[in-house]
Each structure stands twice: as structure tokens, then as C-alpha cells.
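Participant: File start.cif follows (mmCIF, C-alpha atoms):
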data_run
loop_
_atom_site.label_atom_id
_atom_site.label_comp_id
_atom_site.auth_asym_id
_atom_site.auth_seq_id
_atom_site.Cartn_x
_atom_site.Cartn_y
_atom_site.Cartn_z
CA MET A 1 3.11 -31.32 15.36
CA ILE A 2 1.04 -34.51 15.16
CA GLU A 3 -1.96 -34.64 12.82
CA ASP A 4 -4.68 -34.09 15.43
CA GLU A 5 -2.87 -31.13 16.94
CA LEU A 6 -2.33 -29.67 13.51
CA ILE A 7 -6.02 -29.99 12.64
CA ILE A 8 -7.09 -28.33 15.89
CA PHE A 9 -4.55 -25.56 15.31
CA LEU A 10 -5.89 -24.92 11.80
CA GLN A 11 -9.53 -25.15 12.88
CA GLU A 12 -8.94 -22.51 15.57
CA MET A 13 -7.13 -20.30 13.08
CA TRP A 14 -9.90 -20.57 10.46
CA CYS A 15 -12.66 -19.96 13.04
CA ASP A 16 -10.83 -16.92 14.32
CA MET A 17 -10.21 -15.46 10.86
CA LEU A 18 -13.63 -16.26 9.44
CA GLU A 19 -15.43 -15.31 12.65
CA ILE A 20 -17.30 -18.61 12.81
CA GLU A 21 -17.76 -21.02 15.71
CA HIS A 22 -16.99 -24.34 14.08
CA VAL A 23 -15.39 -25.68 10.94
CA THR A 24 -15.07 -29.29 9.77
CA VAL A 25 -12.00 -30.63 8.01
CA ASP A 26 -13.87 -30.93 4.72
CA GLN A 27 -15.48 -27.50 4.52
CA ASN A 28 -14.31 -25.37 1.62
CA PHE A 29 -12.57 -22.17 2.79
CA PHE A 30 -14.45 -20.08 0.24
CA ASP A 31 -17.86 -21.59 1.10
CA ILE A 32 -17.64 -20.49 4.72
CA GLY A 33 -16.81 -16.83 4.19
CA GLY A 34 -13.22 -16.94 2.95
CA ASP A 35 -11.96 -14.81 0.08
CA SER A 36 -8.62 -14.19 -1.59
CA MET A 37 -7.46 -11.57 0.93
CA LEU A 38 -8.34 -13.82 3.87
CA ALA A 39 -6.64 -16.73 2.12
CA ILE A 40 -3.47 -14.64 1.84
CA ARG A 41 -3.62 -13.81 5.55
CA MET A 42 -4.38 -17.41 6.52
CA LEU A 43 -1.55 -18.93 4.46
CA ALA A 44 0.87 -16.22 5.60
CA ALA A 45 -0.06 -17.07 9.20
CA VAL A 46 0.57 -20.77 8.49
CA LEU A 47 3.93 -19.87 6.95
CA THR A 48 4.85 -17.72 9.96
CA GLU A 49 3.58 -20.03 12.72
CA LEU A 50 4.64 -23.38 11.27
CA GLU A 51 7.59 -22.11 9.21
CA THR A 52 6.43 -24.40 6.42
CA GLU A 53 5.75 -23.34 2.87
CA ILE A 54 3.18 -25.33 0.94
CA ASP A 55 2.21 -25.65 -2.71
CA PHE A 56 -0.54 -23.01 -2.85
CA GLU A 57 -1.94 -24.26 -6.16
CA ARG A 58 -2.56 -27.71 -4.74
CA PHE A 59 -4.28 -26.16 -1.73
CA PHE A 60 -6.62 -24.14 -3.94
CA GLU A 61 -7.61 -27.27 -5.86
CA GLU A 62 -9.30 -28.33 -2.64
CA PRO A 63 -9.21 -25.53 -0.06
CA THR A 64 -10.04 -27.51 3.06
CA ILE A 65 -8.32 -28.15 6.37
CA ARG A 66 -7.91 -31.81 5.38
CA ARG A 67 -5.93 -30.86 2.25
CA LEU A 68 -3.93 -28.20 4.08
CA THR A 69 -2.98 -30.73 6.76
CA GLU A 70 -1.90 -33.25 4.11
CA LEU A 71 0.23 -30.65 2.32
CA LEU A 72 1.87 -29.51 5.55
CA GLN A 73 2.67 -33.07 6.59
CA GLU A 74 3.91 -33.95 3.12
CA ARG A 75 6.22 -30.95 3.24
CA ALA A 76 7.39 -31.74 6.76
CA SER A 77 8.23 -35.30 5.75
CA THR A 78 10.17 -34.03 2.68
CA GLU A 79 12.10 -31.65 4.92
CA SER A 80 12.91 -34.41 7.48
CA ASN A 81 14.02 -36.70 4.64
CA LYS A 82 16.33 -33.94 3.47
CA VAL A 83 17.81 -33.66 6.96
CA ALA A 84 18.18 -37.44 7.13
CA VAL A 85 19.97 -37.53 3.78
CA SER A 86 22.22 -34.69 4.81
CA LEU A 87 23.11 -36.45 8.10
CA THR A 88 23.82 -39.69 6.21
CA ASP A 89 26.10 -37.77 3.83
CA GLN A 90 28.13 -36.54 6.78
CA MET B 91 -9.18 25.35 -12.38
CA ILE B 92 -7.72 28.46 -10.79
CA CYS B 93 -3.91 28.54 -10.68
CA LEU B 94 -2.08 30.13 -7.79
CA GLU B 95 0.22 33.01 -8.55
CA MET B 96 3.66 32.23 -7.21
CA GLU B 97 4.03 35.54 -5.35
CA THR B 98 1.07 34.66 -3.12
CA LYS B 99 3.10 31.83 -1.62
CA ARG B 100 6.13 32.13 0.63
CA PRO B 101 8.55 29.67 2.24
CA HIS B 102 7.45 28.39 5.65
CA SER B 103 8.87 26.24 8.43
CA LEU B 104 6.03 23.71 8.73
CA HIS B 105 8.07 21.03 6.93
CA ASN B 106 10.30 20.88 10.02
CA CYS B 107 7.45 19.79 12.32
CA ASN B 108 7.96 16.40 13.94
CA GLY B 109 4.46 15.49 15.06
CA PRO B 110 0.81 16.55 15.25
CA SER B 111 1.03 18.82 18.31
CA ASP B 112 4.15 20.51 16.98
CA PHE B 113 2.35 21.03 13.68
CA LEU B 114 -0.80 22.50 15.26
CA SER B 115 1.12 25.24 17.05
CA ALA B 116 3.34 25.92 14.03
CA PHE B 117 0.22 26.11 11.82
CA GLU B 118 -1.24 28.86 13.97
CA ALA B 119 2.06 30.73 14.09
CA GLU B 120 2.59 30.56 10.32
CA THR B 121 -0.96 31.20 9.12
CA GLY B 122 -2.30 33.42 11.89
CA MET B 123 -5.29 31.11 12.24
CA SER B 124 -5.92 28.01 14.37
CA LEU B 125 -6.64 24.80 12.49
CA ASP B 126 -10.00 24.48 14.30
CA GLY B 127 -10.86 28.05 13.32
CA PHE B 128 -9.96 27.36 9.70
CA ILE B 129 -11.97 24.13 9.47
CA ASP B 130 -14.93 25.74 11.29
CA ARG B 131 -15.22 28.22 8.46
CA LEU B 132 -15.54 25.40 5.93
CA ALA B 133 -17.65 22.68 7.61
CA ASP B 134 -20.03 22.08 10.52
CA ARG B 135 -17.97 21.05 13.53
CA GLU B 136 -20.38 18.29 14.62
CA SER B 137 -20.04 16.59 11.24
CA VAL B 138 -16.22 16.45 11.35
CA ASN B 139 -15.00 12.98 12.36
CA VAL B 140 -11.29 13.33 11.69
CA VAL B 141 -8.82 15.90 10.41
CA ILE B 142 -5.62 14.40 8.99
CA LEU B 143 -2.47 16.06 7.77
CA ALA B 144 -1.57 13.98 4.73
CA GLY B 145 1.12 14.19 2.08
CA SER B 146 4.74 15.18 2.19
CA ILE B 147 5.10 16.54 5.74
CA PRO B 148 4.17 13.33 7.62
CA LEU B 149 6.14 11.31 5.05
CA GLY B 150 9.17 13.44 5.89
CA VAL B 151 9.79 14.56 2.31
CA ALA B 152 8.38 18.11 2.41
CA THR B 153 10.22 21.32 1.60
CA SER B 154 9.73 24.92 2.73
CA VAL B 155 7.36 25.56 -0.19
CA SER B 156 5.31 22.36 0.15
CA ASP B 157 1.58 22.85 0.40
CA LEU B 158 -0.33 21.44 3.37
CA ASP B 159 -2.64 18.58 2.47
CA LEU B 160 -5.53 18.17 4.85
CA ILE B 161 -8.12 15.40 4.68
CA VAL B 162 -11.35 15.97 6.57
CA LEU B 163 -13.71 13.02 6.99
CA LEU B 164 -17.29 14.20 7.38
CA GLU B 165 -20.09 12.09 8.83
CA SER B 166 -22.69 13.71 6.56
CA PRO B 167 -22.47 15.71 3.33
CA ASN B 168 -21.09 19.20 3.84
CA SER B 169 -24.14 21.41 4.39
CA ARG B 170 -22.16 24.62 3.99
CA PRO B 171 -22.36 26.32 0.60
CA LEU B 172 -19.19 26.03 -1.46
CA PRO B 173 -16.92 28.85 -0.21
CA SER B 174 -15.74 31.51 -2.60
CA ALA B 175 -13.16 34.29 -2.57
CA ARG B 176 -16.03 36.72 -1.95
CA THR B 177 -17.03 35.06 1.33
CA PHE B 178 -13.55 33.87 2.32
CA PRO B 179 -10.82 36.01 0.69
CA GLU B 180 -8.05 33.43 1.25
CA ILE B 181 -9.84 30.86 -0.92
CA VAL B 182 -8.27 30.46 -4.36
CA PHE B 183 -10.08 27.32 -5.51
CA ALA B 184 -13.17 25.41 -4.49
CA ALA B 185 -15.02 22.60 -6.22
CA GLU B 186 -17.48 19.80 -5.58
CA GLY B 187 -16.86 16.41 -7.10
CA GLN B 188 -16.48 12.71 -6.74
CA VAL B 189 -13.25 10.89 -6.21
CA GLY B 190 -13.30 7.45 -7.74
CA SER B 191 -16.60 5.69 -7.46
CA MET B 192 -17.42 6.19 -3.81
CA LEU B 193 -15.72 9.04 -2.04
CA GLU B 194 -17.86 12.12 -2.49
CA ALA B 195 -15.52 15.04 -2.14
CA ARG B 196 -15.20 18.75 -1.92
CA GLN B 197 -11.84 20.35 -2.46
CA VAL B 198 -10.89 23.75 -1.18
CA VAL B 199 -7.54 25.46 -1.67
CA ALA B 200 -6.68 28.48 0.43
CA VAL B 201 -3.55 30.58 0.84
CA LEU B 202 -3.26 31.53 4.48
CA ASN B 203 -0.60 34.16 5.07
CA GLY B 204 1.37 32.81 2.09
CA VAL B 205 0.98 29.11 3.01
CA GLU B 206 -1.02 26.99 0.56
CA VAL B 207 -3.51 24.71 2.28
CA ASP B 208 -5.25 22.07 0.22
CA VAL B 209 -8.31 20.54 1.95
CA HIS B 210 -10.19 17.46 0.77
CA PHE B 211 -13.53 16.81 2.43
CA LEU B 212 -14.42 13.13 2.10
CA SER B 213 -17.45 11.17 3.20
CA ALA B 214 -16.46 9.18 6.31
CA PRO B 215 -19.08 6.42 5.69
CA ALA B 216 -17.79 6.05 2.12
CA VAL B 217 -14.20 5.75 3.36
CA VAL B 218 -15.23 3.06 5.87
CA ALA B 219 -17.17 1.18 3.17
CA LEU B 220 -14.18 1.36 0.82
CA ALA B 221 -11.84 0.07 3.56
CA LYS B 222 -14.17 -2.91 4.06
CA ARG B 223 -14.23 -3.56 0.32
CA ILE B 224 -10.42 -3.45 0.12
CA ALA B 225 -10.14 -5.92 3.01
CA ARG B 226 -12.30 -8.50 1.23
CA ALA B 227 -12.01 -10.27 -2.11
CA GLY B 228 -9.95 -9.01 -5.07
CA VAL B 229 -10.97 -5.49 -5.95
CA LEU B 230 -9.97 -2.97 -8.54
CA LEU B 231 -9.00 0.37 -7.05
CA THR B 232 -8.72 3.67 -8.85
CA PRO B 233 -5.49 5.68 -8.38
CA ASN B 234 -7.48 8.27 -6.40
CA GLU B 235 -8.87 5.64 -4.07
CA ILE B 236 -5.34 4.33 -3.43
CA CYS B 237 -4.10 7.88 -2.95
CA PHE B 238 -6.72 8.89 -0.38
CA MET B 239 -6.77 5.62 1.54
CA SER B 240 -3.00 5.60 1.79
CA ARG B 241 -2.87 9.25 2.80
CA ILE B 242 -5.39 8.59 5.55
CA LYS B 243 -3.17 5.77 6.81
CA THR B 244 0.20 7.52 6.66
CA GLY B 245 -0.97 11.00 7.69
CA TRP B 246 -0.97 12.61 11.12
CA VAL B 247 -4.29 12.68 12.94
CA LEU B 248 -4.68 16.30 14.03
CA ALA B 249 -8.19 16.04 15.45
CA GLN B 250 -10.81 13.33 15.77
CA ASN B 251 -13.98 12.69 17.66
CA GLU B 252 -14.03 9.79 20.10
CA ARG B 253 -16.71 7.78 18.36
CA PHE B 254 -14.59 7.59 15.23
CA SER B 255 -11.19 6.93 16.83
CA ASP B 256 -11.61 3.11 16.84
CA ILE B 257 -12.55 3.18 13.17
CA VAL B 258 -9.49 5.24 12.29
CA GLY B 259 -7.30 2.91 14.36
CA ARG B 260 -8.60 -0.20 12.59
CA LEU B 261 -8.33 1.44 9.20
CA ARG B 262 -4.72 2.38 9.83
CA CYS B 263 -3.77 -1.14 11.02
CA ASP B 264 -5.24 -3.01 8.06
CA ASN B 265 -2.59 -3.66 5.40
CA SER B 266 -4.94 -4.90 2.65
CA LEU B 267 -4.33 -1.72 0.63
CA GLU B 268 -0.58 -2.34 0.63
CA ILE B 269 -1.07 -5.98 -0.43
CA HIS B 270 -3.34 -4.93 -3.32
CA THR B 271 -0.97 -2.18 -4.43
CA ALA B 272 2.23 -4.21 -4.20
CA THR B 273 0.67 -7.13 -6.10
CA THR B 274 -0.74 -4.85 -8.80
CA TYR B 275 2.55 -3.03 -9.32
CA VAL B 276 4.76 -6.16 -9.29
CA THR B 277 2.45 -7.48 -12.02
CA GLY B 278 2.78 -4.16 -13.88
CA SER B 279 6.57 -4.12 -13.62
CA LEU B 280 6.84 -7.64 -15.08
CA GLN B 281 4.48 -6.69 -17.89
CA GLU B 282 6.50 -3.56 -18.73
CA LEU B 283 9.71 -5.61 -18.82
CA GLU B 284 8.10 -8.16 -21.13
CA ASP B 285 6.97 -5.31 -23.43
CA ALA B 286 10.46 -3.80 -23.28
CA HIS B 287 11.98 -7.07 -24.49
CA ALA B 288 9.41 -7.19 -27.29
CA ALA B 289 10.38 -3.67 -28.39
CA LEU B 290 14.09 -4.47 -28.37
CA THR B 291 14.28 -5.59 -31.99
CA ASP B 292 12.91 -2.48 -33.67
CA ASN B 293 12.69 0.38 -31.15
CA GLN B 294 15.57 0.80 -28.68
CA GLU B 295 14.18 4.06 -27.21
CA LEU B 296 10.85 2.44 -26.46
CA ALA B 297 12.60 -0.56 -24.94
CA LEU B 298 14.64 1.72 -22.66
CA TYR B 299 11.55 3.71 -21.70
CA LEU B 300 9.55 0.57 -20.87
CA GLY B 301 12.48 -0.82 -18.90
CA ARG B 302 12.57 2.38 -16.88
CA CYS B 303 8.76 2.18 -16.33
CA SER B 304 9.27 -1.37 -15.09
CA VAL B 305 11.79 -0.18 -12.47
CA GLU B 306 9.48 2.65 -11.36
CA LYS B 307 6.55 0.26 -10.95
CA CYS B 308 8.76 -2.09 -8.99
CA PHE B 309 9.68 0.78 -6.66
CA THR B 310 5.97 1.59 -6.23
CA ALA B 311 5.35 -2.03 -5.23
CA PHE B 312 8.36 -1.95 -2.95
CA LEU B 313 7.17 1.21 -1.19
CA ALA B 314 3.70 -0.34 -0.79
CA SER B 315 5.28 -3.40 0.81
CA ARG B 316 6.94 -1.02 3.30
CA GLY B 317 3.62 0.64 4.21
CA TYR B 318 3.44 3.40 1.62
CA ALA B 319 0.80 2.53 -0.96
CA TYR B 320 0.86 6.11 -2.27
CA THR B 321 3.75 8.51 -1.95
CA GLY B 322 3.16 11.20 -4.58
CA GLY B 323 5.78 12.86 -6.74
CA LYS B 324 8.52 12.88 -4.09
CA TRP B 325 8.72 9.10 -3.83
CA LEU B 326 12.36 9.00 -4.84
CA ARG B 327 13.22 11.06 -1.76
CA LEU B 328 11.33 8.58 0.41
CA ILE B 329 13.46 5.70 -0.92
CA GLY B 330 16.46 7.09 0.93
CA ARG B 331 14.55 7.09 4.22
CA LEU B 332 13.42 3.44 4.17
CA GLU B 333 14.78 1.16 6.84
CA ALA B 334 16.10 -2.30 6.01
CA PRO B 335 14.00 -5.32 7.04
CA ARG B 336 15.37 -6.98 10.19
CA SER B 337 16.62 -10.04 8.36
CA LEU B 338 18.61 -8.04 5.80
CA SER B 339 21.77 -6.05 6.37
CA SER B 340 21.51 -2.32 5.92
CA ASP B 341 24.36 -2.39 3.39
CA SER B 342 22.66 -4.99 1.16
CA PHE B 343 19.39 -3.05 1.38
CA ARG B 344 21.01 0.28 0.47
CA SER B 345 22.96 -1.35 -2.35
CA LEU B 346 19.77 -2.85 -3.83
CA LEU B 347 17.95 0.49 -3.69
CA ALA B 348 20.92 2.41 -5.12
CA ASN B 349 21.10 -0.04 -8.00
CA GLY B 350 17.37 0.47 -8.66
CA VAL B 351 17.74 4.25 -8.62
CA ARG B 352 20.62 3.99 -11.11
CA LEU B 353 18.35 1.99 -13.44
CA LEU B 354 15.83 4.86 -13.45
CA PHE B 355 18.23 6.86 -15.61
CA PRO B 356 19.25 4.66 -18.56
CA ALA B 357 21.63 6.09 -21.14
CA PRO B 358 20.67 5.56 -24.80
CA GLY B 359 22.95 3.19 -26.67
CA GLY B 360 22.97 0.41 -29.22
CA ARG B 361 21.05 -2.83 -29.03
CA ALA B 362 23.71 -4.55 -26.93
CA THR B 363 23.61 -1.74 -24.35
CA THR B 364 19.81 -1.82 -24.20
CA GLU B 365 19.84 -5.61 -23.87
CA GLN B 366 22.33 -5.35 -21.00
CA TYR B 367 20.14 -2.67 -19.37
CA LEU B 368 17.02 -4.88 -19.56
CA ALA B 369 18.97 -7.80 -18.09
CA GLU B 370 19.94 -5.57 -15.15
CA VAL B 371 16.31 -4.46 -14.76
CA GLY B 372 15.24 -8.12 -14.64
CA SER B 373 17.84 -8.82 -12.00
CA PHE B 374 16.71 -5.80 -9.94
CA LEU B 375 13.08 -6.94 -10.15
CA ARG B 376 14.01 -10.40 -8.84
CA SER B 377 16.09 -8.98 -5.98
CA ALA B 378 13.43 -6.45 -4.99
CA ARG B 379 10.80 -9.19 -5.02
CA GLU B 380 12.97 -11.37 -2.77
CA VAL B 381 13.18 -8.53 -0.25
CA MET B 382 9.41 -7.90 -0.41
CA GLU B 383 8.86 -11.63 0.11
CA LEU B 384 10.70 -11.54 3.42
CA ASP B 385 7.25 -10.59 4.70
CA PRO B 386 5.12 -13.79 4.47
CA LEU B 387 2.03 -11.76 3.51
CA PHE B 388 3.66 -10.56 0.31
CA LYS B 389 5.28 -13.93 -0.33
CA VAL B 390 1.85 -15.60 -0.29
CA ALA B 391 0.14 -12.75 -2.17
CA PHE B 392 2.68 -12.92 -5.01
CA ALA B 393 2.60 -16.71 -5.09
CA MET B 394 -1.18 -16.60 -5.44
CA CYS B 395 -1.12 -14.10 -8.30
CA PRO B 396 -1.08 -15.93 -11.67
CA GLN B 397 0.14 -12.84 -13.56
CA ILE B 398 3.25 -12.80 -11.39
CA ASN B 399 3.96 -16.52 -11.57
CA GLU B 400 3.12 -17.31 -15.18
CA PRO B 401 6.20 -15.59 -16.64
CA VAL B 402 8.32 -17.60 -14.19
CA ARG B 403 6.68 -20.81 -15.35
CA ALA B 404 7.22 -19.86 -18.98
CA LYS B 405 10.98 -19.48 -18.36
CA LYS B 406 11.20 -22.93 -16.71
#
Could you write out this structure as C-alpha cells?

Facilitator:
Amino acid sequence: MIEDELIIFLQEMWCDMLEIEHVTVDQNFFDIGGDSMLAIRMLAAVLTELETEIDFERFFEEPTIRRLTELLQERASTESNKVAVSLTDQ
Amino acid sequence: MICLEMETKRPHSLHNCNGPSDFLSAFEAETGMSLDGFIDRLADRESVNVVILAGSIPLGVATSVSDLDLIVLLESPNSRPLPSARTFPEIVFAAEGQVGSMLEARQVVAVLNGVEVDVHFLSAPAVVALAKRIARAGVLLTPNEICFMSRIKTGWVLAQNERFSDIVGRLRCDNSLEIHTATTYVTGSLQELEDAHAALTDNQELALYLGRCSVEKCFTAFLASRGYAYTGGKWLRLIGRLEAPRSLSSDSFRSLLANGVRLLFPAPGGRATTEQYLAEVGSFLRSAREVMELDPLFKVAFAMCPQINEPVRAKK
């Protein structure tokens, strides 16, 4: 998923979960109605939908869509590097 | 507290019922009274939102002498005076009280034609408010709150008014209670194991006992992760009825549970034996957690809980 698509996907997910109409990439999850239980549901949905596990601690240092997107892309690039290395090994 | 004399009770066949309608007809046949007729004698019909059969029968772990646990959610406080054996001869116990901090309750125990029926009248608005609280930020729940909320979710709805059916449906779909309970008990099981290791040097019996407590707490978390936040005293029987998650073979699942059950009954021995036992408990806890974490909700919940992750960090 390219960055813009990922951001739109996450914005829709957050709006749906938090029952709000709009969210910017820099809004803090907990400032716009999020709490720990909703954070669990949101991150579990990300894990299920995108099949990508992120470093939760780093997300909670800055719980925004911008940070979540960065972490997901970082993870995706690590995973693709792993695949590349494994293909090279073969 | 009034205790029932054993001869007033008799074996019944209600534990064989396989659903609400089956139960309602069997109830009338066994007790000689319809459920509606029984509840009508205890509360105003217009105030009754839902009647739920909770406890061992819907969980499938009842026996022929199990009592019937009914939960009645009332829209407004019960206006009827507390019943007594003088006004209702089948009543053996009745009391007003509060359950936890929010759920105002009245409990009535009756023996109807030899079948013990235990009825809890709870405030429906308080139950709804508690469900909302559980679904939000981290909350502390009392054991009674967990017990009643779980029983409402896993019980059979025997009767409900239409205006409340959506509320009951939503309440039964929300798994926040299970997330809270599983996280709390995984934390507790790790703590017990840590305490068991600390006791190992000077008190083997205590170490064994704490190890066993750790396994039991892990099973409580495990059952919560499978939808049973409260199971009562017959939880061990329920273990045998659990189905394996889709991504795990039935054999591996059964083997894990059988190993856990074995660890509930440690044999006393020397320090080496106790040390070996605690190592096996630790291994069981890790395996059980891996199975719970097959569900992303629990994987994230555990990862976000510092009390669960700190011991892992300390070992690294």
C-alpha cells in the first residue's frame, strides 16, 4: 500500500472507531476520544487488515496517524529486505 | 444466611436442556410453575427487561443437582417488598444488597418442587452503565462485576422486552470484559510465578502452591480469551469442552490443556523437583499465551500491558 492510500485507510479507520468526521495525520489518538481499549481494537485491526506488527511502544510515544504510517512502512521495508536477502541467499 | 437442607432438594433433568425453549418447558414440568408465573410473584412485569438463565446449564457443565441461576434485569428498583417464607412458602432466602459498586441487587433463593432456583435482580441501567465503563479506558472490576457481566453474556436469554433487545445484543457482542479479564489474569499468573521462584529457597510448599496458583490464573485468562470471563467452580470441566482455534491443530490444543491440568496437581518433593515444576509452569504459561495471542486483540492487549512485558524485558 502506498503512503497516501495507507493514510486514507488509517484516517477512515480512526474516524469510524472514534465516531468523528475528520482526523488529521498529526492529531493525537488520545486527544480525539481514544483510550486504551480503543487503542487495542485499533492496533488489532491494523494487525489483522495489514498483517503487519508494529512496535507499540514507539507508536505510543507519538500516537498519531503520521507515526503509525511511518512505523508500518518501516516494518514493511524491513520485511521486504528480509525477502530480498532470502532470495539472494537462494 | 439461611442454608438449604439437603433433603429439600432432589435431582432434576434440567441440566440436559439444550436451549432456552427446551429449558422453559422443562422448567414448568420440573417445578410445576411457569417461569413467567414465578418471576411475576417476585417483580412487576413491566419493570422486567430481561430474564437470563446464567451459570452451569448454559455453559454445559451442570449436573442433576445444579441450582438454576437466573438474572433478572429490572428497569427500575424492585417495588415489591422483599418476599419471605410467610408470603411465599418456597422462598428459603431473600436479601437486599449491592453487588460491587454499581449493580444494586436483590437475591432470592427458592426451592420449587425440590429444584433450587437462585434469582439475582439487577438494575438494568446500572448494567448498561457498567458495560460502557468496561468498553472505555482501563478500569478496575470487582470479581462480582466480572461474574455478573460474564453471566449475562454467556447465559440463555429466556425472556426480554423488545426495547431492551438491542442493548442486550450489543452487550453480548462486546468483548472488552474478556480483554480486561485475560490481561489481568495473565499479569496475575506471571506475578505468582515470580513469587514462587522467590519462595523456592526457603519454602518449597509455598513455592509449589504459588506455582499452582499461577497455572490456575493462566487458565482463567485462557478461558476469558475464549469468551468465558467467569466460569465459576466448574471451570475445569469447561476446559475439556473448549474448541481449538482454527490455526491450531486439535491435538496440539488438547495436549497443551492436558499439560496445564497436570500442573494443577503438583506432587511435593525436594528443591530440584520444585524447580523442575516451576520451569514446566513457566513453559506452560508461554505456550498458553502464544495460543491466546493467535487472536490479534489479545496479542495487542498483552503487548500494551507493561506488567506482562517487563518480566520479559528483565530476562533479555

Participant: Up to 6 Å from (-6.1, 12.2, 5.8) in the file's coordinates: name the residues, counting only C-alpha atoms, as a list in words.

Facilitator: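 Residues found, by chain and rising number: Ile142, Leu143, Ala144, Ile161, Arg241, Ile242 and Gly245 of chain B.
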
Participant: What separation in Å, quoted to one decimal, exists between CA of Leu280 (chain B) and CA of Arg376 (chain B)?

Facilitator: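 Atom-to-atom, CA of Leu280 (chain B) to CA of Arg376 (chain B), that is 9.9 Å.
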
Participant: Based on only C-alpha atoms, which of the residues in chain B come within 10 Å of chain A? I want them as a list in words.

Facilitator: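 The complete set of qualifying residues is Ile224, Ala225, Arg226, Ala227, Gly228, Val229, Ser266, Ile269, His270, Asp385, Pro386, Leu387, Phe388, Lys389, Val390, Ala391, Phe392, Ala393 and Met394 of chain B.
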
Participant: Pull out every residue that the PyMOL selection byres ((chain B and resi 378) around 9) matches in the shown coordinates and put them as a list in words.

Facilitator: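 This file gives the following for the PyMOL selection byres ((chain B and resi 378) around 9): Cys308, Phe309, Phe312, Leu346, Leu347, Gly350, Ser373, Phe374, Leu375, Arg376, Ser377, Arg379, Glu380, Val381, Met382 and Glu383 of chain B.
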
Participant: Have a look at CA of Gly317 (chain B) and CA of Leu283 (chain B) and let me know their distance in Å, one decimal.

Facilitator: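 Computing it gives 24.6 Å between the two atoms.
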
Participant: Residues within 9 Å of Gln11 (chain A), please, as a PyMOL selection string. Count only C-alpha atoms; anything in the same chain fewer than 3 positions from it doesn't count.

Facilitator: chain A and resi 6-8+14-16+22-25+65

Participant: Save the residues we just selected, C-alpha atoms, as a JSON list (two decimals), in the coordinates of the input?

Facilitator:
[["chain", "number", "residue", "atom", "x", "y", "z"],
["A", 6, "LEU", "CA", -2.33, -29.67, 13.51],
["A", 7, "ILE", "CA", -6.02, -29.99, 12.64],
["A", 8, "ILE", "CA", -7.09, -28.33, 15.89],
["A", 14, "TRP", "CA", -9.90, -20.57, 10.46],
["A", 15, "CYS", "CA", -12.66, -19.96, 13.04],
["A", 16, "ASP", "CA", -10.83, -16.92, 14.32],
["A", 22, "HIS", "CA", -16.99, -24.34, 14.08],
["A", 23, "VAL", "CA", -15.39, -25.68, 10.94],
["A", 24, "THR", "CA", -15.07, -29.29, 9.77],
["A", 25, "VAL", "CA", -12.00, -30.63, 8.01],
["A", 65, "ILE", "CA", -8.32, -28.15, 6.37]]

Participant: How many Å lie between CA of Ala369 (chain B) and CA of Ser304 (chain B), rounded to one decimal?

Facilitator: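 Separating CA of Ala369 (chain B) from CA of Ser304 (chain B) is a distance of 12.0 Å.
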
Participant: So that I can see what lies close to region 330-337 of chain B, please list as a short mmCIF file (atom, residue, chain, number, x, y, z; two decimals) with C-alpha atoms, in the coordinates of the input the residues with an atom at most 9 Å from it, counting all atoms listed in the file and leaving out residues fewer than 3 positions away in the same chain.

Facilitator:
data_model
loop_
_atom_site.label_atom_id
_atom_site.label_comp_id
_atom_site.auth_asym_id
_atom_site.auth_seq_id
_atom_site.Cartn_x
_atom_site.Cartn_y
_atom_site.Cartn_z
CA GLY B 150 9.17 13.44 5.89
CA LEU B 313 7.17 1.21 -1.19
CA ARG B 316 6.94 -1.02 3.30
CA LEU B 326 12.36 9.00 -4.84
CA ARG B 327 13.22 11.06 -1.76
CA SER B 340 21.51 -2.32 5.92
CA ASP B 341 24.36 -2.39 3.39
CA SER B 342 22.66 -4.99 1.16
CA PHE B 343 19.39 -3.05 1.38
CA ARG B 344 21.01 0.28 0.47
CA LEU B 347 17.95 0.49 -3.69
CA ALA B 348 20.92 2.41 -5.12
CA VAL B 381 13.18 -8.53 -0.25
CA LEU B 384 10.70 -11.54 3.42
CA ASP B 385 7.25 -10.59 4.70
#

Participant: Mind rebuilding region 108-120 of chain B with N, CA and C atoms and writing that out as a CSV table (one decimal), keeping the file's coordinate frame?

Facilitator:
chain,number,residue,atom,x,y,z
B,108,ASN,N,7.7,17.8,13.7
B,108,ASN,CA,8.0,16.4,13.9
B,108,ASN,C,6.8,15.7,14.6
B,109,GLY,N,5.6,16.2,14.5
B,109,GLY,CA,4.5,15.5,15.1
B,109,GLY,C,3.2,16.4,15.1
B,110,PRO,N,2.1,15.8,15.3
B,110,PRO,CA,0.8,16.6,15.2
B,110,PRO,C,0.8,17.8,16.2
B,111,SER,N,1.2,17.7,17.4
B,111,SER,CA,1.0,18.8,18.3
B,111,SER,C,2.0,19.9,17.9
B,112,ASP,N,3.2,19.5,17.5
B,112,ASP,CA,4.2,20.5,17.0
B,112,ASP,C,3.6,21.2,15.8
B,113,PHE,N,2.9,20.4,14.9
B,113,PHE,CA,2.4,21.0,13.7
B,113,PHE,C,1.2,22.0,14.0
B,114,LEU,N,0.4,21.6,15.0
B,114,LEU,CA,-0.8,22.5,15.3
B,114,LEU,C,-0.4,23.9,15.7
B,115,SER,N,0.7,23.9,16.6
B,115,SER,CA,1.1,25.2,17.0
B,115,SER,C,1.8,26.0,15.9
B,116,ALA,N,2.6,25.3,15.1
B,116,ALA,CA,3.3,25.9,14.0
B,116,ALA,C,2.3,26.4,13.0
B,117,PHE,N,1.2,25.7,12.8
B,117,PHE,CA,0.2,26.1,11.8
B,117,PHE,C,-0.3,27.5,12.2
B,118,GLU,N,-0.7,27.6,13.5
B,118,GLU,CA,-1.2,28.9,14.0
B,118,GLU,C,-0.2,30.0,13.8
B,119,ALA,N,1.0,29.7,14.2
B,119,ALA,CA,2.1,30.7,14.1
B,119,ALA,C,2.3,31.2,12.6
B,120,GLU,N,2.3,30.2,11.7
B,120,GLU,CA,2.6,30.6,10.3
B,120,GLU,C,1.4,31.2,9.6
